[in-house]
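The structure appears right after this line, and notes come after that.
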Amino acid sequence: MHERRLQERVERRADSLVRVNTKDGDFLLVLESQGKKDERKRGSWPYYLSYLYEKYRCEPVLIVMTQSSSTARWAAQPIRFGLPGWSSLVVRPMVLGPDNVPVIADEKEAVQDPSLAVLSAITHGRGPSVAALLGPLAAALETIDPASAALLAQLVTSGLVDAQAKEIWRDLMAPVKYFYQNPVADQLRDEGRTEDRIEMTLKILELRGLQVPDSVRLRVRACSDLDQLKAWSERAVHVVDAMDLFDDDGA
């Protein structure tokens with residue numbers, strides 16, 4: 001029980017965790033949205049990475065996203081522990097900020113690369129002009145499959161730090177629009193069919209690069225409780241191990 005509480009505290013402190021499969025291997029992306037310099041937060045990053053590697057045995061990659069050039073320079077500085085000239089531990093965050101992420105305010109550009117449009121919104125989205133970024137992004141998410149759109153929408157929700165931007169994004173992602181008004185979503189919302197929610201839950205896990213054991217597939221497919229399936233599909237956006245899907249169910 002203590003281990004489980006520790007896991008929840010660590011993983012909830014990180015804004016987003018995404019497991020990806022590449023030709024170079026599997027990686028766990030630890031995505032942190034940083035509004036300003038914070039030495040306490042910086043001091044916790046090595047602990048995040050060490051804990052997550054110990055638990056999942058997957059190489060963690062720290063990605064810091066910020067809207068401030070000065071914060072970007074601060075976050076990019078290596079974190080070193082050990083003797084002078086002989087570091088026992090070095091953490092080098094990958095930093096995304098206004099100086100190395102383009103502004104995408106054109107809907108056609110957002111549709112061509114929704115993932116880059118998400119990073120653009122997170123690193124540039126603030127102030128009165130934020131709607132010019134978030135509007136095209138919301139339109140772009142309507143053009144991709146619902147599971148991918150839900151994952152990217154959650155990343156934006158976690159990454160925005162500006163209060164006005166958060167409010168605008170919440171309005172754009174209101175429940176009537178959350179599943180992007182596509183046929184599959186309409187079926188799910190209007191008819192209440194469980195099959196679509198089952199497939200969405202499993203698809204989100206797969207798109208995030210997670211291994212989905214047969215035991216997880218069988219349990220999800222055997223469920224006929226729409227509320228339970230809804231909870232699992234929302235949880236699928238965050239977990240870093242498919243078995244963690246059931247952690248809050250007393251399993």
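Naming scheme: A, B, ... for chains in displayed order of the structure tokens; residues 1 onward per chain; ligands 1 onward as shown.
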task = Compile the contact shell of Ser115 in chain A as a list of chain:residue names: residues with an atom at most 12 Å away, counting only C-alpha atoms, same-chain residues fewer than 6 positions apart removed.
result =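 Residues meeting the cut-off are A:Val101, A:Ile104, A:Glu109, A:Ala121, A:Ile122, A:Leu137, A:Ala138, A:Ala140, A:Leu141, A:Ile144, A:Ser148, A:Ala149, A:Leu151, A:Leu152, A:Ala153, A:Leu155, A:Val156.
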Output C-alpha atoms for every residue in that selection, as a PDB file, in the first residue's frame.
ATOM      1  CA  VAL A 101       9.144  25.634 -31.370  1.00  0.00           C
ATOM      2  CA  ILE A 104       1.326  27.442 -35.665  1.00  0.00           C
ATOM      3  CA  GLU A 109      -0.458  23.743 -40.855  1.00  0.00           C
ATOM      4  CA  ALA A 121       0.067  25.898 -28.217  1.00  0.00           C
ATOM      5  CA  ILE A 122       1.841  24.863 -25.021  1.00  0.00           C
ATOM      6  CA  LEU A 137      -5.511  23.173 -33.012  1.00  0.00           C
ATOM      7  CA  ALA A 138      -9.036  22.188 -31.957  1.00  0.00           C
ATOM      8  CA  ALA A 140      -7.005  19.873 -36.416  1.00  0.00           C
ATOM      9  CA  LEU A 141      -7.912  17.380 -33.681  1.00  0.00           C
ATOM     10  CA  ILE A 144      -7.670  12.571 -36.576  1.00  0.00           C
ATOM     11  CA  SER A 148      -5.227  10.146 -30.693  1.00  0.00           C
ATOM     12  CA  ALA A 149      -7.236  13.356 -30.376  1.00  0.00           C
ATOM     13  CA  LEU A 151      -4.483  11.932 -25.925  1.00  0.00           C
ATOM     14  CA  LEU A 152      -3.290  15.187 -27.520  1.00  0.00           C
ATOM     15  CA  ALA A 153      -6.139  17.166 -25.961  1.00  0.00           C
ATOM     16  CA  LEU A 155      -1.528  16.894 -23.156  1.00  0.00           C
ATOM     17  CA  VAL A 156      -2.648  20.447 -23.969  1.00  0.00           C
TER      18      VAL A 156
END
Mind running range 61-83 of chain A against range 27-32 of chain A at 10 Å and telling me each contacting residue's nearest atom pair with the distance in Å (one decimal), counting only C-alpha atoms, chain and number ascending, as a tab-separated table?
residue	atom	partner	partner_atom	distance
A:Val61	CA	A:Leu29	CA	4.9
A:Leu62	CA	A:Val30	CA	4.8
A:Ile63	CA	A:Leu31	CA	5.0
A:Val64	CA	A:Glu32	CA	4.7
A:Met65	CA	A:Glu32	CA	6.0
A:Thr66	CA	A:Glu32	CA	8.6
I need the chosen residues saved as an mmCIF file, in the first residue's frame, with C-alpha atoms.
data_model
loop_
_atom_site.group_PDB
_atom_site.id
_atom_site.type_symbol
_atom_site.label_atom_id
_atom_site.label_comp_id
_atom_site.auth_asym_id
_atom_site.auth_seq_id
_atom_site.Cartn_x
_atom_site.Cartn_y
_atom_site.Cartn_z
ATOM 1 C CA VAL A 61 13.398 11.179 -21.058
ATOM 2 C CA LEU A 62 12.693 14.482 -19.294
ATOM 3 C CA ILE A 63 11.055 17.054 -21.597
ATOM 4 C CA VAL A 64 10.456 20.503 -20.138
ATOM 5 C CA MET A 65 8.014 22.813 -21.942
ATOM 6 C CA THR A 66 7.926 26.533 -21.212
#
message = What's around range 165-169 of chain A at 8 Å? Count only C-alpha atoms, leave out sequence neighbours fewer than 2 positions away in its own chain, and write the answer as a list in words.
response =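 Within the cut-off, the hits are Gly125, Arg126, Gly127, Val130, Ala131, Leu134, Thr157, Leu160, Val161, Asp162, Ala163, Asp171, Leu172 and Met173 of chain A.
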request  = Return the single residue from A:Leu133, A:Ala236, A:Leu119, A:Val103 that is closest to Gly159 in chain A, with distances computed using only C-alpha atoms.
outcome  = A:Leu119
task = Figure out the distance between CA of Leu205 in chain A and CA of Val20 in chain A, please, to one decimal in Å.
result =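 Separation between CA of Val20 in chain A and CA of Leu205 in chain A: 10.6 Å.
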task = Grab the CA of Arg219 in chain A to CA of Met243 in chain A distance for me, in Å with one decimal place.
result =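 It comes out at 10.5 Å.
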ask   = Skipping near chain neighbours, those fewer than 6 positions away, what residues fall within 8 Å of range 197-202 of chain A using only C-alpha atoms, listed as a ChimeraX atom specification?
value = /A:146-147,188,212,217,220-221,226,229-230,232-234,236
Okay, now the selection with C-alpha atoms, as a PDB file, in the first residue's frame?
ATOM      1  CA  PRO A 146     -10.714  10.009 -31.485  1.00  0.00           C
ATOM      2  CA  ALA A 147      -8.180   8.142 -29.359  1.00  0.00           C
ATOM      3  CA  LEU A 188     -20.821   6.421 -28.246  1.00  0.00           C
ATOM      4  CA  VAL A 212      -1.397  -4.582 -23.528  1.00  0.00           C
ATOM      5  CA  ARG A 217      -7.830  -7.005 -23.081  1.00  0.00           C
ATOM      6  CA  VAL A 220     -11.845  -4.573 -20.641  1.00  0.00           C
ATOM      7  CA  ARG A 221     -13.795  -6.513 -23.284  1.00  0.00           C
ATOM      8  CA  LEU A 226     -20.470   2.070 -19.397  1.00  0.00           C
ATOM      9  CA  LEU A 229     -15.468   1.813 -19.229  1.00  0.00           C
ATOM     10  CA  LYS A 230     -15.564   5.605 -19.289  1.00  0.00           C
ATOM     11  CA  TRP A 232     -10.880   3.289 -17.774  1.00  0.00           C
ATOM     12  CA  SER A 233     -10.739   5.191 -21.081  1.00  0.00           C
ATOM     13  CA  GLU A 234      -9.951   8.430 -19.221  1.00  0.00           C
ATOM     14  CA  ALA A 236      -5.754   5.140 -20.190  1.00  0.00           C
TER      15      ALA A 236
END
inquiry  = Based on the backbone DSSP call, show me all residues of range 27-70 of chain A assigned strand (DSSP E), as a list in words.
reply    =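 Those in range 27-70 of chain A that DSSP calls strand (DSSP E) are Phe27, Leu28, Leu29, Val30, Leu31, Glu32, Ser33, Glu59, Pro60, Val61, Leu62, Ile63, Val64 and Met65 of chain A.
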Using the selection just defined, write its residues with N, CA and C atoms as a short mmCIF file (atom, residue, chain, number, x, y, z; two decimals), in the first residue's frame.
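What follows is the written file selection_13.cif:
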data_model
loop_
_atom_site.label_atom_id
_atom_site.label_comp_id
_atom_site.auth_asym_id
_atom_site.auth_seq_id
_atom_site.Cartn_x
_atom_site.Cartn_y
_atom_site.Cartn_z
N PHE A 27 10.85 4.26 -24.78
CA PHE A 27 11.20 5.38 -23.91
C PHE A 27 9.95 5.87 -23.18
N LEU A 28 10.16 6.34 -21.96
CA LEU A 28 9.10 6.94 -21.17
C LEU A 28 9.32 8.45 -21.15
N LEU A 29 8.45 9.19 -21.83
CA LEU A 29 8.58 10.64 -21.89
C LEU A 29 7.94 11.25 -20.65
N VAL A 30 8.74 11.98 -19.89
CA VAL A 30 8.27 12.68 -18.70
C VAL A 30 8.10 14.14 -19.10
N LEU A 31 6.86 14.57 -19.31
CA LEU A 31 6.57 15.90 -19.84
C LEU A 31 6.23 16.85 -18.70
N GLU A 32 7.02 17.92 -18.58
CA GLU A 32 6.84 18.89 -17.51
C GLU A 32 6.59 20.27 -18.11
N SER A 33 5.52 20.91 -17.70
CA SER A 33 5.23 22.28 -18.12
C SER A 33 5.72 23.22 -17.02
N GLU A 59 13.66 3.50 -20.35
CA GLU A 59 14.49 4.70 -20.30
C GLU A 59 13.63 5.95 -20.23
N PRO A 60 13.74 6.74 -19.15
CA PRO A 60 12.95 7.97 -19.05
C PRO A 60 13.66 9.14 -19.75
N VAL A 61 12.88 9.99 -20.39
CA VAL A 61 13.40 11.18 -21.06
C VAL A 61 12.62 12.38 -20.51
N LEU A 62 13.33 13.30 -19.87
CA LEU A 62 12.69 14.48 -19.29
C LEU A 62 12.56 15.57 -20.36
N ILE A 63 11.33 15.99 -20.64
CA ILE A 63 11.05 17.05 -21.60
C ILE A 63 10.36 18.19 -20.85
N VAL A 64 11.00 19.34 -20.82
CA VAL A 64 10.46 20.50 -20.14
C VAL A 64 9.92 21.47 -21.19
N MET A 65 8.66 21.88 -21.01
CA MET A 65 8.01 22.81 -21.94
C MET A 65 7.74 24.13 -21.22
#
request  = For each of A:Glu195, A:Glu206, A:Glu54, A:Asp247, take the minimum atom-to-atom distance to Cys223 in chain A, counting only C-alpha atoms, then give the residue where this is smallest.
outcome  =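 The answer is A:Glu195, which sits nearest to Cys223 in chain A.
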Near Thr123 in chain A, counting only C-alpha atoms, which residues have an atom at most 6 Å away, once you skip same-chain residues fewer than 4 positions from it, shown as a short mmCIF file (atom, residue, chain, number, x, y, z; two decimals) with C-alpha atoms, in the first residue's frame?
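What ended up in out.cif:
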data_model
loop_
_atom_site.label_atom_id
_atom_site.label_comp_id
_atom_site.auth_asym_id
_atom_site.auth_seq_id
_atom_site.Cartn_x
_atom_site.Cartn_y
_atom_site.Cartn_z
CA THR A 66 7.93 26.53 -21.21
CA GLN A 67 6.70 29.84 -22.64
CA GLY A 97 10.27 26.76 -25.63
CA PRO A 98 9.37 29.80 -27.71
#
ask   = Hey, what does DSSP flag as alpha helix (DSSP H) within range 13-250 of chain A? Can you give it to me as a ChimeraX atom specification?
value = /A:13,39-56,69-75,107-112,114-124,131-141,146-159,163-172,183-191,194-207,214-222,226-235
inquiry  = Using Å and a single decimal, report how far CA of Ser16 in chain A sits from CA of Arg208 in chain A.
reply    =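 Pair CA of Arg208 in chain A / CA of Ser16 in chain A returns 11.7 Å.
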